[in-house]
Amino acid sequence: MTSSIEENIQSIRKKINDACIRAGRNPDEVTLIAVSKTKPVNAVREAMKSGQRVFGENKVQELRTKTSEITEDLSWHMIGHLQLNKVKYLPGMVDMIHSVDSIALAEQIEKEAAKKDTIMDILCEVNVADEDSKFGLKPSETADFIKTIAPFQHIRVKGLMTVAPATDNPEENRIYFHNLRKLMVDINEKNIDNILLSELSMGMTGDFEIAVEEGATFVRVGTAIFGERNYNK
Ligand SMILES: *Cc1c(COP(=O)(O)O)cnc(C)c1O
């Protein structure tokens, strides 16, 4: 790949815009999260040159390192599976946690956000294709889960997140994105106190255009911006 990070971002923004036009949506409803996990600080800085301000990471330690090295006013999102003992670092550091899928985790976020006297925006992760290998709530248990955590004073449940199956044909994931949106609508119709979901975090490098057509408000794109990741370094 010879294109620069800036060029990649411009091209993805264009594809998001085009998908919005096809779906009759306003492009302002869709936030591109640049997933910078495993990539160096200078890659983040390169992305910032094209106006990118929202970044996603999946490890707390990497978030801590990057946010201490890059002190500009960016919006960091925690998108990865989270261990309870790492939650304490997140309130005040990230704007949103996308991967809440257990009561224990929600309780820990509640406790740590309360200590910092802040409210943490979260998404509930749903295993929408019901894959054995994936984290996330079953679709059928998501409404009850949200009902249980709705009274928590230091958590604001903003919506749902999913990681769709890996596939060479992104059209195969359309049904899962469609179903996640439908699940959000169904949950809103239950009129749970404190709960009005509006955010859908879905779509990655291989399938973000389909996700936008199906209602994504956050797309999480790594490889198409920063290139392939090397985990063996
Ligand atoms: C790594 C990661 C992404 C980005 O994946 P790409 O295919 O590189 O765009 C998105 N979401 C989550 C949860 C991730 O861990």
# chains A, B, ... in the order shown; residues from 1 in each chain; ligands from 1
>>> residues_near_ligand(ligand="ligand 1", cutoff="9 Å", atoms="only C-alpha atoms and all ligand atoms", output="ChimeraX atom specification")
/A:33-37,56-58,78-81,98-99,161-163,166,201-208,219-229
>>> select_by_dssp(residues="range 33-169 of chain A", states="strand (DSSP E or B)", output="MDAnalysis selection string")
chainID A and resid 33:35 54:57 75:78 91 94 96:100 120:126 137 155:161
>>> atom_distance(atom1="CA of Glu141 in chain A", atom2="CA of Val94 in chain A")
26.6 Å
>>> atom_distance(atom1="CA of Ser140 in chain A", atom2="CA of Asn191 in chain A")
17.0 Å
>>> residues_around(residues="range 128-130 of chain A", least_positions_apart="3", cutoff="8 Å", atoms="only C-alpha atoms", output="list of chain:residue names")
A:Lys134, A:Lys138, A:Pro139, A:Thr162, A:Val163, A:Ala164, A:Pro165, A:Tyr176, A:Asn179, A:Leu180
>>> write_last_selection(atoms="N, CA, C and O atoms", output="PDB file, in the first residue's frame")
ATOM      1  N   LYS A 134     -16.925 -15.022  20.339  1.00  0.00           N
ATOM      2  CA  LYS A 134     -16.990 -13.573  20.542  1.00  0.00           C
ATOM      3  C   LYS A 134     -17.449 -13.175  21.931  1.00  0.00           C
ATOM      4  O   LYS A 134     -18.271 -13.837  22.557  1.00  0.00           O
ATOM      5  N   LYS A 138     -25.836 -11.830  24.482  1.00  0.00           N
ATOM      6  CA  LYS A 138     -26.760 -12.393  23.490  1.00  0.00           C
ATOM      7  C   LYS A 138     -27.821 -11.332  23.205  1.00  0.00           C
ATOM      8  O   LYS A 138     -28.268 -10.643  24.119  1.00  0.00           O
ATOM      9  N   PRO A 139     -28.268 -11.258  21.943  1.00  0.00           N
ATOM     10  CA  PRO A 139     -29.325 -10.282  21.642  1.00  0.00           C
ATOM     11  C   PRO A 139     -30.528 -10.437  22.585  1.00  0.00           C
ATOM     12  O   PRO A 139     -31.076  -9.442  23.072  1.00  0.00           O
ATOM     13  N   THR A 162     -21.305  -3.766  18.115  1.00  0.00           N
ATOM     14  CA  THR A 162     -21.042  -5.155  17.756  1.00  0.00           C
ATOM     15  C   THR A 162     -19.795  -5.281  16.891  1.00  0.00           C
ATOM     16  O   THR A 162     -19.394  -4.328  16.207  1.00  0.00           O
ATOM     17  N   VAL A 163     -19.174  -6.440  16.988  1.00  0.00           N
ATOM     18  CA  VAL A 163     -18.112  -6.833  16.058  1.00  0.00           C
ATOM     19  C   VAL A 163     -18.721  -7.939  15.196  1.00  0.00           C
ATOM     20  O   VAL A 163     -18.978  -9.037  15.676  1.00  0.00           O
ATOM     21  N   ALA A 164     -18.966  -7.626  13.942  1.00  0.00           N
ATOM     22  CA  ALA A 164     -19.618  -8.593  13.052  1.00  0.00           C
ATOM     23  C   ALA A 164     -18.609  -9.666  12.627  1.00  0.00           C
ATOM     24  O   ALA A 164     -17.402  -9.473  12.754  1.00  0.00           O
ATOM     25  N   PRO A 165     -19.090 -10.794  12.128  1.00  0.00           N
ATOM     26  CA  PRO A 165     -18.166 -11.866  11.719  1.00  0.00           C
ATOM     27  C   PRO A 165     -17.170 -11.410  10.640  1.00  0.00           C
ATOM     28  O   PRO A 165     -17.490 -10.542   9.829  1.00  0.00           O
ATOM     29  N   TYR A 176     -26.768  -8.569  10.159  1.00  0.00           N
ATOM     30  CA  TYR A 176     -26.394  -8.370  11.568  1.00  0.00           C
ATOM     31  C   TYR A 176     -26.468  -6.896  11.950  1.00  0.00           C
ATOM     32  O   TYR A 176     -26.917  -6.560  13.049  1.00  0.00           O
ATOM     33  N   ASN A 179     -30.057  -6.109  12.266  1.00  0.00           N
ATOM     34  CA  ASN A 179     -30.623  -6.654  13.510  1.00  0.00           C
ATOM     35  C   ASN A 179     -30.187  -5.864  14.741  1.00  0.00           C
ATOM     36  O   ASN A 179     -30.952  -5.742  15.702  1.00  0.00           O
ATOM     37  N   LEU A 180     -28.963  -5.336  14.723  1.00  0.00           N
ATOM     38  CA  LEU A 180     -28.520  -4.537  15.873  1.00  0.00           C
ATOM     39  C   LEU A 180     -29.353  -3.261  15.969  1.00  0.00           C
ATOM     40  O   LEU A 180     -29.771  -2.850  17.049  1.00  0.00           O
TER      41      LEU A 180
END
>>> residues_around(residues="range 109-113 of chain A", least_positions_apart="3", cutoff="7 Å", atoms="only C-alpha atoms", output="list in words")
Val87, Lys88, Pro91, Leu105, Ala106, Lys116, Asp117, Thr118, Ile119, Met120, Phe152, His154 and Ile155 of chain A
>>> atom_distance(atom1="CA of Asn42 in chain A", atom2="CA of Pro27 in chain A")
27.9 Å
>>> select_by_dssp(residues="range 14-142 of chain A", states="alpha helix (DSSP H)", output="ChimeraX atom specification")
/A:14-23,41-48,60-69,103-115,139-142
>>> closest_residue(among="A:Leu137, A:Met96, A:Met184, A:Met48", to="Leu123 in chain A", atoms="only C-alpha atoms")
A:Met96
